[in-house]
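Here's data_8.cif, which has mmCIF, C-alpha atoms:
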data_protein
loop_
_atom_site.label_atom_id
_atom_site.label_comp_id
_atom_site.auth_asym_id
_atom_site.auth_seq_id
_atom_site.Cartn_x
_atom_site.Cartn_y
_atom_site.Cartn_z
CA MET A 1 19.48 1.15 0.45
CA ARG A 2 16.40 3.38 0.52
CA ILE A 3 12.87 1.95 0.36
CA VAL A 4 9.87 4.14 -0.55
CA SER A 5 6.22 3.12 -0.72
CA GLY A 6 2.84 4.85 -0.56
CA ILE A 7 -0.78 4.02 0.13
CA GLN A 8 -3.93 5.97 -0.66
CA PRO A 9 -5.76 7.25 2.44
CA THR A 10 -9.06 5.49 1.95
CA GLY A 11 -10.02 5.29 5.62
CA ASN A 12 -10.10 2.22 7.83
CA LEU A 13 -7.66 -0.53 7.00
CA HIS A 14 -8.96 -4.09 6.85
CA LEU A 15 -7.31 -7.49 7.21
CA GLY A 16 -6.50 -7.64 3.48
CA ASN A 17 -4.51 -4.38 3.67
CA TYR A 18 -2.76 -5.51 6.82
CA LEU A 19 -1.71 -8.99 5.72
CA GLY A 20 -1.24 -8.07 2.05
CA ALA A 21 0.98 -5.00 2.44
CA ILE A 22 1.32 -3.35 5.83
CA ARG A 23 2.81 -6.32 7.68
CA ASN A 24 5.48 -6.53 4.98
CA TRP A 25 6.15 -2.80 5.40
CA VAL A 26 6.73 -3.32 9.12
CA ARG A 27 9.11 -6.19 8.49
CA MET A 28 11.01 -4.20 5.86
CA GLN A 29 11.18 -1.24 8.23
CA ASP A 30 12.62 -3.33 11.05
CA GLU A 31 15.15 -5.08 8.82
CA ALA A 32 16.16 -1.81 7.15
CA ALA A 33 16.57 0.01 10.46
CA ALA A 34 18.73 -2.81 11.84
CA ALA A 35 20.96 -2.61 8.75
CA GLY A 36 21.17 1.19 8.76
CA HIS A 37 18.95 1.68 5.69
CA ASP A 38 16.08 4.15 5.19
CA CYS A 39 12.32 3.63 4.76
CA PHE A 40 9.92 6.34 3.59
CA PHE A 41 6.20 5.54 3.80
CA PHE A 42 3.69 8.12 2.62
CA LEU A 43 -0.05 8.66 2.43
CA ALA A 44 -0.84 9.44 -1.20
CA ASP A 45 -3.38 12.20 -0.64
CA LEU A 46 -2.33 14.03 -3.82
CA HIS A 47 -3.19 10.89 -5.77
CA ALA A 48 -6.59 10.78 -4.07
CA ILE A 49 -7.75 13.98 -5.78
CA SER A 50 -7.39 12.38 -9.23
CA MET A 51 -10.84 10.87 -8.63
CA PRO A 52 -14.04 12.49 -7.32
CA HIS A 53 -13.70 12.88 -3.55
CA ASP A 54 -15.15 14.50 -0.46
CA PRO A 55 -12.60 17.01 0.93
CA ALA A 56 -13.66 16.55 4.57
CA ALA A 57 -13.50 12.77 4.19
CA LEU A 58 -10.01 13.01 2.66
CA THR A 59 -8.75 14.95 5.70
CA ALA A 60 -10.33 12.45 8.10
CA ASN A 61 -9.16 9.43 6.12
CA THR A 62 -5.59 10.71 6.02
CA ARG A 63 -5.49 10.91 9.80
CA THR A 64 -7.26 7.55 10.18
CA MET A 65 -4.80 5.84 7.83
CA ALA A 66 -1.84 7.36 9.68
CA ALA A 67 -3.29 6.04 12.95
CA ALA A 68 -3.81 2.59 11.43
CA LEU A 69 -0.27 2.39 10.03
CA THR A 70 1.18 3.46 13.36
CA ALA A 71 -0.97 0.91 15.20
CA CYS A 72 0.22 -1.83 12.81
CA GLY A 73 3.83 -1.09 13.69
CA ILE A 74 5.11 1.65 11.40
CA ASP A 75 7.43 3.40 13.85
CA SER A 76 8.28 7.06 13.20
CA LYS A 77 11.61 6.48 15.00
CA LYS A 78 12.58 3.85 12.41
CA SER A 79 10.76 5.15 9.30
CA VAL A 80 9.68 8.44 7.78
CA LEU A 81 5.87 8.54 7.75
CA PHE A 82 4.19 11.53 6.09
CA ASN A 83 1.47 12.65 3.68
CA GLN A 84 2.34 14.02 0.24
CA ALA A 85 0.49 17.32 0.66
CA GLN A 86 2.98 18.40 3.34
CA VAL A 87 5.91 17.87 0.95
CA PRO A 88 5.37 20.20 -2.06
CA ALA A 89 8.43 18.74 -3.77
CA HIS A 90 6.27 15.80 -4.92
CA ALA A 91 4.01 18.05 -7.00
CA GLU A 92 6.94 20.21 -8.14
CA LEU A 93 8.95 17.27 -9.41
CA GLN A 94 5.90 15.82 -11.15
CA TRP A 95 5.61 19.01 -13.19
CA LEU A 96 9.31 18.95 -14.05
CA LEU A 97 9.05 15.29 -15.11
CA ASN A 98 5.95 15.97 -17.26
CA GLY A 99 8.37 17.40 -19.82
CA THR A 100 10.19 14.07 -20.00
CA ALA A 101 7.23 11.65 -19.78
CA ARG A 102 5.67 10.78 -23.13
CA MET A 103 1.98 10.60 -24.05
CA GLY A 104 2.51 7.17 -25.59
CA TRP A 105 3.92 5.87 -22.31
CA LEU A 106 0.94 7.16 -20.34
CA ASN A 107 -1.54 5.84 -22.92
CA ARG A 108 -0.27 2.34 -22.18
CA MET A 109 -1.02 2.55 -18.45
CA THR A 110 -3.73 -0.03 -17.80
CA GLN A 111 -4.86 1.54 -14.52
CA PHE A 112 -6.07 4.69 -16.29
CA LYS A 113 -8.16 2.56 -18.62
CA ASP A 114 -9.57 0.62 -15.66
CA LYS A 115 -10.43 3.66 -13.54
CA SER A 116 -11.74 5.88 -16.33
CA GLY A 117 -13.93 3.10 -17.73
CA LYS A 118 -16.01 4.09 -20.75
CA ASN A 119 -15.84 7.79 -19.86
CA ARG A 120 -12.20 8.49 -20.74
CA GLU A 121 -13.08 11.96 -22.06
CA GLY A 122 -14.68 12.80 -18.74
CA ALA A 123 -11.77 11.57 -16.58
CA SER A 124 -9.54 14.15 -14.91
CA ALA A 125 -6.15 15.08 -16.34
CA ALA A 126 -4.75 14.13 -12.92
CA LEU A 127 -5.93 10.54 -13.40
CA PHE A 128 -4.08 10.40 -16.72
CA THR A 129 -0.84 11.92 -15.40
CA TYR A 130 -0.76 10.46 -11.92
CA PRO A 131 1.80 7.79 -12.95
CA VAL A 132 4.19 10.74 -13.42
CA LEU A 133 3.44 11.76 -9.83
CA GLN A 134 4.18 8.17 -8.80
CA ALA A 135 7.51 8.48 -10.59
CA ALA A 136 8.20 11.72 -8.72
CA ASP A 137 7.26 10.03 -5.44
CA VAL A 138 10.12 7.56 -5.73
CA LEU A 139 12.71 9.45 -7.81
CA LEU A 140 12.61 12.39 -5.39
CA TYR A 141 14.32 10.38 -2.65
CA GLN A 142 17.00 8.59 -4.70
CA THR A 143 15.01 5.45 -3.96
CA THR A 144 16.80 2.17 -4.54
CA HIS A 145 13.89 -0.22 -3.90
CA VAL A 146 10.09 -0.02 -4.14
CA PRO A 147 7.81 -2.79 -2.80
CA VAL A 148 5.24 -3.42 -5.53
CA GLY A 149 2.41 -5.80 -6.26
CA GLU A 150 1.78 -7.12 -9.74
CA ASP A 151 -0.65 -4.23 -10.41
CA GLN A 152 2.04 -1.61 -9.79
CA LYS A 153 4.97 -3.10 -11.73
CA GLN A 154 3.97 -1.16 -14.84
CA HIS A 155 4.14 2.15 -12.97
CA LEU A 156 7.59 1.40 -11.59
CA GLU A 157 8.79 0.57 -15.10
CA LEU A 158 7.47 3.96 -16.21
CA ALA A 159 9.37 5.66 -13.38
CA ARG A 160 12.56 3.95 -14.55
CA ASP A 161 11.90 5.03 -18.16
CA ILE A 162 11.37 8.64 -17.08
CA ALA A 163 14.49 8.61 -14.91
CA GLN A 164 16.61 7.10 -17.68
CA LYS A 165 15.39 9.57 -20.31
CA PHE A 166 15.89 12.56 -17.97
CA ASN A 167 19.43 11.40 -17.12
CA ASN A 168 20.20 10.90 -20.83
CA ASP A 169 18.73 14.23 -21.92
CA PHE A 170 19.89 16.57 -19.17
CA CYS A 171 22.79 14.99 -17.27
CA THR A 172 26.30 13.83 -18.11
CA GLU A 173 26.94 10.11 -18.32
CA ASP A 174 29.16 10.14 -15.23
CA ALA A 175 26.74 12.26 -13.13
CA PRO A 176 23.10 11.13 -13.58
CA LEU A 177 20.59 12.86 -11.33
CA PHE A 178 18.14 10.03 -10.72
CA THR A 179 18.66 6.56 -9.28
CA LEU A 180 16.75 3.85 -11.17
CA PRO A 181 14.68 2.07 -8.49
CA GLU A 182 14.41 -1.70 -8.35
CA PRO A 183 11.19 -3.54 -7.43
CA ILE A 184 10.77 -5.59 -4.28
CA ILE A 185 8.04 -8.17 -4.84
CA PRO A 186 7.46 -9.84 -1.47
CA PRO A 187 7.46 -13.60 -2.08
CA ASP A 188 4.84 -14.15 0.60
CA ALA A 189 2.52 -11.26 -0.20
CA ALA A 190 -0.87 -12.49 0.98
CA ARG A 191 -3.90 -12.03 -1.25
CA ILE A 192 -6.81 -11.97 1.16
CA MET A 193 -10.25 -12.50 -0.34
CA SER A 194 -13.75 -11.48 0.71
CA LEU A 195 -15.41 -13.52 3.45
CA ARG A 196 -18.56 -13.57 1.30
CA ASP A 197 -16.96 -14.38 -2.08
CA GLY A 198 -13.66 -16.21 -2.28
CA THR A 199 -13.10 -15.02 -5.87
CA SER A 200 -13.07 -11.29 -4.99
CA LYS A 201 -10.43 -9.42 -2.98
CA MET A 202 -11.37 -8.18 0.47
CA SER A 203 -12.35 -4.56 -0.09
CA LYS A 204 -13.54 -1.51 1.80
CA SER A 205 -15.87 -0.72 -1.09
CA ASP A 206 -17.85 -3.95 -0.70
CA PRO A 207 -21.34 -2.92 0.54
CA SER A 208 -21.40 -5.83 3.00
CA ASP A 209 -19.39 -5.18 6.17
CA MET A 210 -19.50 -8.96 6.75
CA SER A 211 -17.18 -9.38 3.75
CA ARG A 212 -14.17 -7.97 5.59
CA ILE A 213 -12.51 -7.78 8.99
CA ASN A 214 -11.76 -4.17 9.84
CA LEU A 215 -8.83 -3.33 12.09
CA SER A 216 -11.32 -1.41 14.25
CA ASP A 217 -13.57 -4.47 14.81
CA ASP A 218 -13.90 -5.69 18.41
CA PRO A 219 -13.21 -9.36 19.26
CA ASP A 220 -16.90 -10.35 19.25
CA THR A 221 -17.37 -8.84 15.78
CA VAL A 222 -14.25 -10.59 14.44
CA MET A 223 -15.46 -13.95 15.76
CA LYS A 224 -18.98 -13.39 14.40
CA LYS A 225 -17.67 -12.53 10.92
CA VAL A 226 -15.41 -15.58 10.81
CA LYS A 227 -18.18 -17.92 11.93
CA LYS A 228 -20.56 -16.48 9.32
CA ALA A 229 -17.95 -16.51 6.52
CA LYS A 230 -19.12 -18.36 3.43
CA THR A 231 -17.82 -21.93 3.14
CA ASP A 232 -18.96 -25.24 1.67
CA PRO A 233 -20.23 -28.42 3.39
CA GLU A 234 -17.10 -30.51 2.69
CA PRO A 235 -14.45 -31.06 5.40
CA LEU A 236 -10.97 -29.65 4.90
CA PRO A 237 -8.72 -31.85 2.75
CA SER A 238 -5.31 -33.12 3.83
CA GLU A 239 -3.55 -31.76 0.74
CA PRO A 240 -3.69 -28.31 -0.98
CA ALA A 241 -4.89 -29.95 -4.21
CA GLY A 242 -8.13 -30.76 -2.41
CA LEU A 243 -8.93 -27.03 -2.20
CA ALA A 244 -9.22 -26.70 -5.99
CA GLY A 245 -12.57 -25.18 -6.87
CA ARG A 246 -13.20 -24.24 -3.22
CA PRO A 247 -12.20 -20.53 -3.12
CA GLU A 248 -13.84 -19.72 0.22
CA ALA A 249 -12.21 -22.67 1.95
CA LEU A 250 -8.85 -21.79 0.42
CA ASN A 251 -9.20 -18.18 1.59
CA LEU A 252 -9.81 -19.12 5.24
CA VAL A 253 -6.93 -21.61 5.24
CA ALA A 254 -4.67 -19.02 3.60
CA ILE A 255 -5.54 -16.44 6.27
CA TYR A 256 -4.66 -18.96 8.99
CA ALA A 257 -1.41 -19.83 7.21
CA THR A 258 -0.42 -16.17 6.81
CA LEU A 259 -1.12 -15.32 10.45
CA THR A 260 1.01 -18.25 11.65
CA ASP A 261 3.76 -17.83 9.02
CA ASN A 262 2.88 -21.33 7.87
CA THR A 263 1.98 -22.80 4.48
CA VAL A 264 -1.44 -23.94 3.31
CA ALA A 265 -0.06 -27.48 3.31
CA GLY A 266 1.12 -27.04 6.90
CA VAL A 267 -2.31 -25.86 8.06
CA LEU A 268 -4.02 -28.75 6.28
CA ALA A 269 -1.64 -31.18 7.96
CA ASP A 270 -3.15 -30.02 11.28
CA PHE A 271 -6.80 -29.60 10.21
CA GLY A 272 -7.25 -32.04 7.31
CA GLY A 273 -10.46 -34.03 7.72
CA GLU A 274 -11.95 -31.48 10.14
CA GLY A 275 -15.11 -29.55 9.39
CA PHE A 276 -15.49 -25.78 9.53
CA GLY A 277 -17.29 -26.15 12.85
CA LYS A 278 -13.87 -26.74 14.38
CA PHE A 279 -11.70 -24.69 11.99
CA LYS A 280 -13.65 -21.42 12.08
CA PRO A 281 -13.48 -20.97 15.89
CA ALA A 282 -9.75 -21.75 15.79
CA LEU A 283 -9.25 -19.14 13.05
CA GLY A 284 -11.42 -16.63 14.91
CA GLU A 285 -9.42 -17.02 18.13
CA LEU A 286 -6.17 -16.66 16.21
CA LEU A 287 -7.38 -13.46 14.54
CA VAL A 288 -8.65 -11.98 17.80
CA GLU A 289 -5.35 -12.56 19.58
CA HIS A 290 -3.28 -11.33 16.64
CA LEU A 291 -5.32 -8.18 16.10
CA ARG A 292 -6.08 -7.33 19.73
CA PRO A 293 -3.02 -5.05 20.31
CA VAL A 294 -3.34 -3.51 16.84
CA THR A 295 -7.03 -2.71 17.32
CA ALA A 296 -6.50 -1.30 20.83
CA ARG A 297 -3.72 1.01 19.63
CA PHE A 298 -5.66 2.00 16.51
CA ASN A 299 -8.81 2.95 18.43
CA GLU A 300 -6.68 4.93 20.90
CA LEU A 301 -4.83 6.85 18.18
CA LYS A 302 -7.93 7.58 16.07
CA SER A 303 -9.18 10.01 18.69
CA ASP A 304 -5.78 11.65 19.29
CA VAL A 305 -5.66 14.12 16.38
CA GLU A 306 -2.83 16.10 17.97
CA GLN A 307 -0.52 13.08 18.16
CA ILE A 308 -1.27 11.95 14.60
CA ASP A 309 -0.71 15.45 13.22
CA ALA A 310 2.59 15.64 15.10
CA ILE A 311 3.75 12.29 13.66
CA LEU A 312 2.90 13.42 10.12
CA ALA A 313 4.50 16.86 10.62
CA ARG A 314 7.77 15.34 11.89
CA GLY A 315 7.83 12.90 8.99
CA ALA A 316 7.10 15.64 6.46
CA ALA A 317 9.97 17.77 7.79
CA LYS A 318 12.38 14.85 7.33
CA ALA A 319 10.96 14.12 3.86
CA ARG A 320 11.31 17.77 2.74
CA GLU A 321 14.94 17.76 3.86
CA ALA A 322 15.67 14.48 2.07
CA ALA A 323 13.91 15.65 -1.12
CA ALA A 324 15.53 19.09 -1.40
CA PRO A 325 18.83 18.12 -3.11
CA THR A 326 17.16 16.05 -5.85
CA LEU A 327 14.54 18.73 -6.55
CA ALA A 328 17.23 21.41 -6.74
CA GLY A 329 19.23 19.18 -9.07
CA ALA A 330 16.22 18.75 -11.38
CA TYR A 331 15.63 22.53 -11.62
CA LYS A 332 19.32 23.08 -12.36
CA ALA A 333 19.53 20.28 -14.94
CA LEU A 334 16.56 21.77 -16.81
CA GLY A 335 18.13 25.23 -16.86
CA LEU A 336 15.43 26.84 -14.74
CA LEU A 337 16.70 30.04 -13.08
CA ARG A 338 15.82 30.20 -9.37
#
Show me the file's structure as C-alpha cells.
Amino acid sequence: MRIVSGIQPTGNLHLGNYLGAIRNWVRMQDEAAAAGHDCFFFLADLHAISMPHDPAALTANTRTMAAALTACGIDSKKSVLFNQAQVPAHAELQWLLNGTARMGWLNRMTQFKDKSGKNREGASAALFTYPVLQAADVLLYQTTHVPVGEDQKQHLELARDIAQKFNNDFCTEDAPLFTLPEPIIPPDAARIMSLRDGTSKMSKSDPSDMSRINLSDDPDTVMKKVKKAKTDPEPLPSEPAGLAGRPEALNLVAIYATLTDNTVAGVLADFGGEGFGKFKPALGELLVEHLRPVTARFNELKSDVEQIDAILARGAAKAREAAAPTLAGAYKALGLLR
C-alpha cells in the first residue's frame, strides 16, 4: 500500500488545515508505518505557479509549510516529505502524459472554471493542464491510495482515466505500467468554518485575522479569538437538531468534538443548556492545550532554514529514487530513445 498526497505551499497553516487534512495525514502515516506501508507527502510548488505569484513568497511559504507539517507530526523517518520542484520527474511525467490526456477531459474540470472565472482566455495554460500534473504526482509512485476531499475526487478520476488509457495504448495487457489509485475519503474529515461566518470555510485569504486560528498564534491570541467568535444569544441545545440554522454555534461545537474525537451529540450531552459564556472558555482552553506543542515546534522550526532544507532534500532524494523506474518505463513505452 502506498499513499500519496500533496498540499499547496500557501504559508501559515490554520486550524481548518490542521483538523481538516493534516491530522488525518499524521494518523495515516503512523498506521501505514506500523503496517510497513509507504506515505509520500509533497508541497505542490509546481502547482503554485499556475496562478499569479510572488517568487520570494513562494520560497518562504514552501519552507513555512514544511515547518508546519513537521510540527503537526509528519515525521521524515516514517514518511517521505518533499517539494515537487526538487523532483523533476513530476514535470517530466506530466509532459509525457499530456499526449494521453484529452482536451475534452480537461474541459470538464470544474476547478479550472472556478479559478479562471470570467477570464478563461487570460488564464495560464498551466492552470488548464495542472490536473495532468496532479495525475503525474500520483502515478509516478505507483500509488495505491490517495486521500481526497469531495473537491478533488474529479481530479483523481482523471488520473485513473489517463492511467487506463496509457496502459491500453502503450502497454501489454499483462504488464501495465501504471497502478490505478483508489481514493481514501476520511469518514471524519472535519470541515472547519470561519469564526466570523459559520457558512464560510476557515481561510487564510479572509482579510480578518479574527476569522481563523493560526498554528503560530500564542495562547492569549487563541483564547481571545475564541471568546470573540461570532455566536448567537441562545444557549446550546441538548440535541444536534437544535443547531439547525445556527452555523456559528454548530462550528464551535464541531471544533470541540473534533479535538476530543467526540461527536456533536456527545459534546451537547455535556454542554446542552449552557451559554457560550461557559462553552467558549472551555473550547479556548482545549485549543490552547492541544495546539501548544504544535505551535512551539512550528515557531522553532520556522527560523531553522537549514533543518527544513535538509528535511526536504532528504525527502526529495528518496522521492527521486522511488520515481525513477516508473518514469523510465513511461519513456520506454512511448518509444522515446534515451
For this session: Would you list the contacts of Ala254 (chain A) as a VMD selection string, taking every protein, DNA or RNA residue within 10 Å and counting all atoms listed in the file, but skipping same-chain residues closer than 6 positions in sequence?
Result: chain A and resid 190 to 193 248 260 262 to 265 267
Pull out every residue that the PyMOL selection byres ((chain A and resi 310-318) around 10) matches in the shown coordinates and put them as an mmCIF file with C-alpha atoms, keeping the file's coordinate frame.
data_model
loop_
_atom_site.group_PDB
_atom_site.id
_atom_site.type_symbol
_atom_site.label_atom_id
_atom_site.label_comp_id
_atom_site.auth_asym_id
_atom_site.auth_seq_id
_atom_site.Cartn_x
_atom_site.Cartn_y
_atom_site.Cartn_z
ATOM 1 C CA PHE A 40 9.920 6.340 3.590
ATOM 2 C CA PHE A 41 6.200 5.540 3.800
ATOM 3 C CA PHE A 42 3.690 8.120 2.620
ATOM 4 C CA LEU A 43 -0.050 8.660 2.430
ATOM 5 C CA THR A 62 -5.590 10.710 6.020
ATOM 6 C CA ARG A 63 -5.490 10.910 9.800
ATOM 7 C CA ALA A 66 -1.840 7.360 9.680
ATOM 8 C CA ALA A 67 -3.290 6.040 12.950
ATOM 9 C CA THR A 70 1.180 3.460 13.360
ATOM 10 C CA ASP A 75 7.430 3.400 13.850
ATOM 11 C CA SER A 76 8.280 7.060 13.200
ATOM 12 C CA LYS A 77 11.610 6.480 15.000
ATOM 13 C CA SER A 79 10.760 5.150 9.300
ATOM 14 C CA VAL A 80 9.680 8.440 7.780
ATOM 15 C CA LEU A 81 5.870 8.540 7.750
ATOM 16 C CA PHE A 82 4.190 11.530 6.090
ATOM 17 C CA ASN A 83 1.470 12.650 3.680
ATOM 18 C CA GLN A 84 2.340 14.020 0.240
ATOM 19 C CA ALA A 85 0.490 17.320 0.660
ATOM 20 C CA GLN A 86 2.980 18.400 3.340
ATOM 21 C CA VAL A 87 5.910 17.870 0.950
ATOM 22 C CA PRO A 88 5.370 20.200 -2.060
ATOM 23 C CA VAL A 305 -5.660 14.120 16.380
ATOM 24 C CA GLU A 306 -2.830 16.100 17.970
ATOM 25 C CA GLN A 307 -0.520 13.080 18.160
ATOM 26 C CA ILE A 308 -1.270 11.950 14.600
ATOM 27 C CA ASP A 309 -0.710 15.450 13.220
ATOM 28 C CA ALA A 319 10.960 14.120 3.860
ATOM 29 C CA ARG A 320 11.310 17.770 2.740
ATOM 30 C CA GLU A 321 14.940 17.760 3.860
ATOM 31 C CA ALA A 322 15.670 14.480 2.070
ATOM 32 C CA ALA A 323 13.910 15.650 -1.120
#
For this session: Return as a PyMOL selection string the set of residues that the PyMOL selection byres ((chain A and resi 279) around 10) yields on the displayed structure.
Result: chain A and resi 226-227+235-236+252-253+256+271-272+274-278+280-284
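Every residue that the PyMOL selection byres ((chain A and resi 240) around 9) selects in this file is listed here: Pro237, Ser238, Glu239, Ala241, Gly242, Leu243, Ala244, Leu250, Val264, Ala265 and Leu268 of chain A.
For the residues A:Tyr130, A:Ser194, A:Leu158, A:Asp38, ranking by smallest atom-to-atom distance to Ile255 (chain A) using only C-alpha atoms places A:Ser194 first.
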Exercise. Which one of A:Thr100, A:Ser216, A:Gln8, A:Thr144 sits closest to Arg297 (chain A) if you count only C-alpha atoms?
Worked result: A:Ser216
Exercise. Smallest atom-to-atom distance to Glu285 (chain A): which of A:Pro219, A:Gly149, A:Gly198, A:Gly335, using all atoms listed in the file?
Worked result: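 Among the listed residues, the smallest separation from Glu285 (chain A) belongs to A:Pro219.
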